[in-house]
>>> print(open('protein_12.pdb').read())   # PDB, C-alpha atoms
ATOM      1  CA  VAL N   1      79.554 -20.367  48.022
ATOM      2  CA  VAL N   2      77.576 -22.973  46.127
ATOM      3  CA  ALA N   3      74.928 -22.261  43.472
ATOM      4  CA  VAL N   4      72.073 -24.597  42.572
ATOM      5  CA  GLY N   5      72.293 -23.683  38.866
ATOM      6  CA  LYS N   6      74.133 -21.740  36.173
ATOM      7  CA  ALA N   7      71.794 -18.714  36.322
ATOM      8  CA  THR N   8      72.378 -18.331  40.075
ATOM      9  CA  GLU N   9      76.100 -18.807  39.543
ATOM     10  CA  LYS N  10      76.121 -16.016  36.939
ATOM     11  CA  LYS N  11      74.238 -13.603  39.225
ATOM     12  CA  LEU N  12      76.637 -14.331  42.070
ATOM     13  CA  LYS N  13      79.711 -13.886  39.858
ATOM     14  CA  ASP N  14      78.254 -10.653  38.433
ATOM     15  CA  SER N  15      78.049  -9.434  42.041
ATOM     16  CA  GLY N  16      81.692 -10.283  42.668
ATOM     17  CA  ILE N  17      81.023 -13.502  44.588
ATOM     18  CA  SER N  18      83.050 -16.525  43.505
ATOM     19  CA  VAL N  19      81.223 -19.838  43.263
ATOM     20  CA  SER N  20      83.044 -23.046  44.175
ATOM     21  CA  PHE N  21      80.445 -25.586  43.041
ATOM     22  CA  VAL N  22      77.435 -25.950  40.727
ATOM     23  CA  PRO N  23      75.733 -29.374  40.417
ATOM     24  CA  SER N  24      75.309 -31.149  37.090
ATOM     25  CA  LYS N  25      71.547 -30.523  37.222
ATOM     26  CA  ALA N  26      69.908 -27.484  38.826
ATOM     27  CA  THR N  27      67.863 -29.268  41.480
ATOM     28  CA  ALA N  28      68.144 -29.483  45.249
ATOM     29  CA  ALA N  29      68.333 -33.279  45.090
ATOM     30  CA  THR N  30      71.270 -33.192  42.653
ATOM     31  CA  LEU N  31      73.071 -30.530  44.671
ATOM     32  CA  ALA N  32      72.669 -32.575  47.853
ATOM     33  CA  LYS N  33      73.931 -35.707  46.105
ATOM     34  CA  GLU N  34      76.956 -34.136  44.386
ATOM     35  CA  LEU N  35      78.283 -31.630  46.945
ATOM     36  CA  GLU N  36      81.564 -32.903  48.343
ATOM     37  CA  LEU N  37      81.684 -33.647  52.050
ATOM     38  CA  LEU N  38      85.024 -32.370  53.354
ATOM     39  CA  ASP N  39      87.191 -34.683  55.433
ATOM     40  CA  GLY N  40      87.878 -33.773  59.015
ATOM     41  CA  GLU N  41      86.821 -34.289  62.606
ATOM     42  CA  ASN N  42      83.818 -31.976  62.396
ATOM     43  CA  PRO N  43      80.995 -32.258  59.879
ATOM     44  CA  THR N  44      81.045 -29.857  56.942
ATOM     45  CA  SER N  45      78.837 -26.917  57.877
ATOM     46  CA  VAL N  46      76.337 -25.520  55.387
ATOM     47  CA  LEU N  47      74.426 -22.263  55.791
ATOM     48  CA  TYR N  48      71.329 -22.557  53.585
ATOM     49  CA  PRO N  49      69.335 -19.382  52.877
ATOM     50  CA  ALA N  50      65.927 -20.403  51.507
ATOM     51  CA  SER N  51      62.349 -19.434  50.870
ATOM     52  CA  ALA N  52      60.061 -20.172  53.788
ATOM     53  CA  LYS N  53      58.083 -22.337  51.344
ATOM     54  CA  ALA N  54      61.059 -24.321  50.043
ATOM     55  CA  LYS N  55      60.785 -28.048  50.598
ATOM     56  CA  LYS N  56      63.262 -29.659  52.998
ATOM     57  CA  THR N  57      64.902 -31.769  50.262
ATOM     58  CA  LEU N  58      68.270 -30.001  50.311
ATOM     59  CA  GLU N  59      68.686 -29.774  54.051
ATOM     60  CA  ASN N  60      67.414 -33.303  54.728
ATOM     61  CA  ASP N  61      69.518 -34.922  51.996
ATOM     62  CA  LEU N  62      72.673 -33.057  53.044
ATOM     63  CA  ALA N  63      72.106 -33.917  56.724
ATOM     64  CA  ALA N  64      71.621 -37.585  55.794
ATOM     65  CA  ARG N  65      75.066 -37.501  54.146
ATOM     66  CA  GLY N  66      76.708 -36.055  57.285
ATOM     67  CA  PHE N  67      76.588 -32.298  56.677
ATOM     68  CA  ASP N  68      75.724 -29.925  59.520
ATOM     69  CA  VAL N  69      72.974 -27.818  57.900
ATOM     70  CA  LYS N  70      71.654 -24.508  59.211
ATOM     71  CA  ARG N  71      68.644 -23.279  57.222
ATOM     72  CA  ILE N  72      67.636 -19.635  57.346
ATOM     73  CA  ASN N  73      64.321 -18.665  55.789
ATOM     74  CA  THR N  74      65.310 -15.387  54.151
ATOM     75  CA  TYR N  75      62.119 -14.654  52.219
ATOM     76  CA  ASP N  76      58.594 -15.845  51.616
ATOM     77  CA  THR N  77      56.527 -16.064  48.463
ATOM     78  CA  VAL N  78      53.042 -14.614  48.692
ATOM     79  CA  THR N  79      50.357 -15.533  46.185
ATOM     80  CA  ALA N  80      48.851 -12.606  44.323
ATOM     81  CA  THR N  81      45.105 -12.153  44.453
ATOM     82  CA  TRP N  82      43.725 -11.553  40.975
ATOM     83  CA  MET N  83      41.124  -8.993  40.050
ATOM     84  CA  ASP N  84      37.924 -10.165  38.336
ATOM     85  CA  ASP N  85      39.163  -9.144  34.870
ATOM     86  CA  GLN N  86      42.339 -11.186  35.387
ATOM     87  CA  LYS N  87      40.298 -14.216  36.402
ATOM     88  CA  GLU N  88      38.127 -13.786  33.305
ATOM     89  CA  SER N  89      41.220 -13.542  31.090
ATOM     90  CA  SER N  90      42.586 -16.759  32.580
ATOM     91  CA  GLU N  91      39.534 -18.617  31.277
ATOM     92  CA  ARG N  92      40.918 -18.197  27.735
ATOM     93  CA  VAL N  93      44.383 -19.550  28.615
ATOM     94  CA  LYS N  94      45.436 -22.788  26.940
ATOM     95  CA  VAL N  95      49.049 -22.919  28.210
ATOM     96  CA  ALA N  96      50.099 -21.759  31.682
ATOM     97  CA  CYS N  97      53.827 -21.238  32.294
ATOM     98  CA  PHE N  98      55.229 -22.047  35.726
ATOM     99  CA  ALA N  99      58.657 -21.226  37.172
ATOM    100  CA  SER N 100      57.984 -22.533  40.683
ATOM    101  CA  PRO N 101      55.613 -24.662  42.725
ATOM    102  CA  SER N 102      54.267 -21.477  44.333
ATOM    103  CA  ALA N 103      53.348 -20.193  40.854
ATOM    104  CA  VAL N 104      51.371 -23.408  40.319
ATOM    105  CA  GLU N 105      49.608 -22.871  43.647
ATOM    106  CA  GLY N 106      48.866 -19.245  42.725
ATOM    107  CA  TRP N 107      47.334 -20.316  39.405
ATOM    108  CA  LEU N 108      45.135 -22.864  41.134
ATOM    109  CA  LYS N 109      44.026 -20.423  43.841
ATOM    110  CA  ASN N 110      43.081 -17.749  41.337
ATOM    111  CA  THR N 111      41.410 -20.020  38.759
ATOM    112  CA  ASP N 112      39.268 -22.165  41.054
ATOM    113  CA  HIS N 113      41.680 -25.084  40.604
ATOM    114  CA  ASN N 114      41.797 -25.060  36.781
ATOM    115  CA  THR N 115      44.010 -27.945  35.645
ATOM    116  CA  ASN N 116      42.421 -28.023  32.172
ATOM    117  CA  VAL N 117      45.366 -26.194  30.630
ATOM    118  CA  PHE N 118      48.728 -27.416  29.409
ATOM    119  CA  ALA N 119      51.502 -26.665  31.916
ATOM    120  CA  ALA N 120      54.863 -25.457  30.600
ATOM    121  CA  CYS N 121      57.276 -25.749  33.517
ATOM    122  CA  ILE N 122      60.819 -24.460  33.939
ATOM    123  CA  GLY N 123      61.911 -27.760  35.489
ATOM    124  CA  ILE N 124      61.022 -30.972  37.279
ATOM    125  CA  THR N 125      60.136 -29.262  40.569
ATOM    126  CA  SER N 126      57.330 -27.195  39.029
ATOM    127  CA  ALA N 127      56.259 -30.165  36.885
ATOM    128  CA  SER N 128      56.036 -32.350  40.007
ATOM    129  CA  ALA N 129      53.824 -29.733  41.659
ATOM    130  CA  CYS N 130      51.509 -29.801  38.632
ATOM    131  CA  LYS N 131      51.257 -33.578  38.828
ATOM    132  CA  GLU N 132      50.663 -33.431  42.589
ATOM    133  CA  PHE N 133      47.811 -30.952  42.070
ATOM    134  CA  GLY N 134      46.022 -32.994  39.417
ATOM    135  CA  TRP N 135      47.450 -32.355  35.980
ATOM    136  CA  LYS N 136      47.742 -35.438  33.777
ATOM    137  CA  ASP N 137      51.205 -36.428  32.541
ATOM    138  CA  ASP N 138      50.362 -35.568  28.925
ATOM    139  CA  GLN N 139      49.438 -32.003  29.974
ATOM    140  CA  ILE N 140      52.829 -31.253  31.570
ATOM    141  CA  PHE N 141      55.896 -30.129  29.609
ATOM    142  CA  PHE N 142      59.322 -29.476  31.130
ATOM    143  CA  PRO N 143      63.001 -29.742  30.168
ATOM    144  CA  GLU N 144      65.393 -32.391  31.454
ATOM    145  CA  ALA N 145      67.666 -29.625  32.764
ATOM    146  CA  PRO N 146      65.959 -26.580  34.313
ATOM    147  CA  GLY N 147      66.615 -23.223  32.721
ATOM    148  CA  LEU N 148      65.315 -20.576  30.381
ATOM    149  CA  GLU N 149      66.292 -22.291  27.121
ATOM    150  CA  GLY N 150      64.604 -25.550  28.109
ATOM    151  CA  TRP N 151      61.581 -23.682  29.428
ATOM    152  CA  VAL N 152      61.111 -21.950  26.069
ATOM    153  CA  LYS N 153      61.204 -25.374  24.406
ATOM    154  CA  ALA N 154      58.609 -26.669  26.896
ATOM    155  CA  ILE N 155      56.365 -23.691  26.104
ATOM    156  CA  ARG N 156      56.711 -24.412  22.391
ATOM    157  CA  GLU N 157      55.849 -28.098  22.927
ATOM    158  CA  ALA N 158      52.823 -27.200  25.064
ATOM    159  CA  THR N 159      51.633 -24.747  22.412
ATOM    160  CA  GLU N 160      51.990 -27.431  19.738
ATOM    161  CA  ALA N 161      49.957 -29.784  21.927
ATOM    162  CA  VAL N 162      47.157 -27.196  22.039
ATOM    163  CA  HIS N 163      46.975 -27.268  18.248
ATOM    164  CA  GLU N 164      46.980 -31.064  18.196
ATOM    165  CA  ALA N 165      44.218 -31.355  20.813
TER     166      ALA N 165
END
>>> encode(input="protein_12.pdb", output="C-alpha cells")
Amino acid sequence: VVAVGKATEKKLKDSGISVSFVPSKATAATLAKELELLDGENPTSVLYPASAKAKKTLENDLAARGFDVKRINTYDTVTATWMDDQKESSERVKVACFASPSAVEGWLKNTDHNTNVFAACIGITSASACKEFGWKDDQIFFPEAPGLEGWVKAIREATEAVHEA
C-alpha cells in the first residue's frame, strides 16, 4: 500500500494498514516519479482507486515508466448547489479556501464565476485549478508542500493580502 501524503498514511496506519511508501511531496506527479519499479519479467502492477474526477497524471506517469496500472473510480465528487442566502453571503467573501480542484469548480459554479477573491489553496493542484480558471498569480496562495499546516499559512497570507489591497 502506497499513500500520496502523510495524512493519508496516518489514516491508513490508524486503520491497521501498513504503508510501504510515501513520496517526498504529496502530489500525484511526485508519487509517480518516486515510486520504485520492481525488477522482474512482468511489469509492477498498481491498483489505483481514485475519484472519477481525478486527472490521469498518476496513471499516465506510472504507465510511462513501465508500471501496469489499473484505475478504479471508487467515488465521485458532486458540486453542491447553494441556496440564495448562501450565494448572497459569498458576495462578502474576500478569501476563499480550496482543498481540491472540484472545490474551485463548485465555488465558480455557485458564484457566477467570481475570481475576484484571494484563493488560499491546500496545495499546487488546487492552485493550478485557480490559475486555469482565471485567477491572477498574485491572488493565489498555497504551500510548497500540501497539508493542513501549510494551508493555514496560505490562509493567513491571503488574509494579509486583503488588508494590503
>>> closest_residue(input="protein_12.pdb", among="N:Ala7, N:Val104, N:Ala32, N:Val95", to="Glu132 in chain N", atoms="all atoms listed in the file")
N:Val104
>>> resolve_selection(input="protein_12.pdb", expression="the PyMOL selection byres ((chain N and resi 135-141) around 9)", output="MDAnalysis selection string")
chainID N and resid 115:123 127 129:134 142:143 151 153:155 157:158 161
>>> atom_distance(input="protein_12.pdb", atom1="CA of Tyr75 in chain N", atom2="CA of Ser15 in chain N")
19.6 Å
>>> resolve_selection(input="protein_12.pdb", expression="the PyMOL selection byres ((chain N and resi 44-47) around 7)", output="PyMOL selection string")
chain N and resi 37-38+42-43+48-49+67-71
>>> write_last_selection(input="protein_12.pdb", atoms="C-alpha atoms", output="PDB file, in the coordinates of the input")
ATOM      1  CA  LEU N  37      81.684 -33.647  52.050  1.00  0.00           C
ATOM      2  CA  LEU N  38      85.024 -32.370  53.354  1.00  0.00           C
ATOM      3  CA  ASN N  42      83.818 -31.976  62.396  1.00  0.00           C
ATOM      4  CA  PRO N  43      80.995 -32.258  59.879  1.00  0.00           C
ATOM      5  CA  TYR N  48      71.329 -22.557  53.585  1.00  0.00           C
ATOM      6  CA  PRO N  49      69.335 -19.382  52.877  1.00  0.00           C
ATOM      7  CA  PHE N  67      76.588 -32.298  56.677  1.00  0.00           C
ATOM      8  CA  ASP N  68      75.724 -29.925  59.520  1.00  0.00           C
ATOM      9  CA  VAL N  69      72.974 -27.818  57.900  1.00  0.00           C
ATOM     10  CA  LYS N  70      71.654 -24.508  59.211  1.00  0.00           C
ATOM     11  CA  ARG N  71      68.644 -23.279  57.222  1.00  0.00           C
TER      12      ARG N  71
END
>>> resolve_selection(input="protein_12.pdb", expression="the PyMOL selection byres ((chain N and resi 99) around 7)", output="ChimeraX atom specification")
/N:97-98,100,103,121-122,126
>>> closest_residue(input="protein_12.pdb", among="N:Gly106, N:Gly5, N:Pro146, N:Pro101", to="Thr79 in chain N", atoms="all atoms listed in the file")
N:Gly106
>>> residues_around(input="protein_12.pdb", residues="Lys6 in chain N", least_positions_apart="6", cutoff="9 Å", atoms="only C-alpha atoms", output="list in words")
Val22, Pro23, Ala26 and Gly147 of chain N
>>> closest_residue(input="protein_12.pdb", among="N:Lys10, N:Arg65, N:Lys87, N:Arg156", to="Asn110 in chain N", atoms="all atoms listed in the file")
N:Lys87
>>> closest_residue(input="protein_12.pdb", among="N:Thr111, N:Asn60, N:Ser51, N:Ser89", to="Ile72 in chain N", atoms="only C-alpha atoms")
N:Ser51
>>> atom_distance(input="protein_12.pdb", atom1="CA of Thr8 in chain N", atom2="CA of Phe21 in chain N")
11.2 Å
>>> atom_distance(input="protein_12.pdb", atom1="CA of Asp39 in chain N", atom2="CA of Gly66 in chain N")
10.7 Å
>>> closest_residue(input="protein_12.pdb", among="N:Asp61, N:Glu9, N:Asp76, N:Asp112", to="Leu31 in chain N", atoms="all atoms listed in the file")
N:Asp61
>>> axis_aligned_box(input="protein_12.pdb", around="range 29-34 of chain N", padding_each_side="5 Å", output="JSON")
{"center_x": 72.6, "center_y": -33.1, "center_z": 45.3, "size_x": 18.6, "size_y": 15.2, "size_z": 15.2}
>>> closest_residue(input="protein_12.pdb", among="N:Thr74, N:Thr57, N:Ser102, N:Ser18", to="Thr30 in chain N", atoms="all atoms listed in the file")
N:Thr57
>>> build_atoms(input="protein_12.pdb", residues="range 145-156 of chain N", atoms="N, CA, C and O atoms", output="tab-separated table (two decimals), in the coordinates of the input")
chain	number	residue	atom	x	y	z
N	145	ALA	N	66.86	-30.51	31.92
N	145	ALA	CA	67.67	-29.62	32.76
N	145	ALA	C	66.94	-28.29	32.89
N	145	ALA	O	66.59	-27.68	31.89
N	146	PRO	N	66.68	-27.83	34.13
N	146	PRO	CA	65.96	-26.58	34.31
N	146	PRO	C	66.73	-25.40	33.72
N	146	PRO	O	67.95	-25.40	33.69
N	147	GLY	N	65.99	-24.43	33.25
N	147	GLY	CA	66.61	-23.22	32.72
N	147	GLY	C	65.75	-22.58	31.66
N	147	GLY	O	64.77	-23.16	31.18
N	148	LEU	N	66.11	-21.37	31.30
N	148	LEU	CA	65.32	-20.58	30.38
N	148	LEU	C	65.21	-21.22	29.00
N	148	LEU	O	64.11	-21.30	28.43
N	149	GLU	N	66.31	-21.69	28.46
N	149	GLU	CA	66.29	-22.29	27.12
N	149	GLU	C	65.36	-23.51	27.07
N	149	GLU	O	64.54	-23.65	26.17
N	150	GLY	N	65.46	-24.38	28.05
N	150	GLY	CA	64.60	-25.55	28.11
N	150	GLY	C	63.15	-25.19	28.36
N	150	GLY	O	62.24	-25.83	27.84
N	151	TRP	N	62.94	-24.13	29.14
N	151	TRP	CA	61.58	-23.68	29.43
N	151	TRP	C	60.90	-23.18	28.15
N	151	TRP	O	59.74	-23.48	27.89
N	152	VAL	N	61.65	-22.43	27.35
N	152	VAL	CA	61.11	-21.95	26.07
N	152	VAL	C	60.70	-23.13	25.20
N	152	VAL	O	59.64	-23.13	24.57
N	153	LYS	N	61.53	-24.17	25.18
N	153	LYS	CA	61.20	-25.37	24.41
N	153	LYS	C	59.93	-26.03	24.95
N	153	LYS	O	59.07	-26.48	24.20
N	154	ALA	N	59.81	-26.09	26.28
N	154	ALA	CA	58.61	-26.67	26.90
N	154	ALA	C	57.37	-25.87	26.53
N	154	ALA	O	56.30	-26.44	26.26
N	155	ILE	N	57.49	-24.55	26.49
N	155	ILE	CA	56.36	-23.69	26.10
N	155	ILE	C	55.98	-23.97	24.65
N	155	ILE	O	54.79	-24.10	24.33
N	156	ARG	N	56.97	-24.10	23.81
N	156	ARG	CA	56.71	-24.41	22.39
N	156	ARG	C	56.00	-25.76	22.27
N	156	ARG	O	55.02	-25.89	21.53
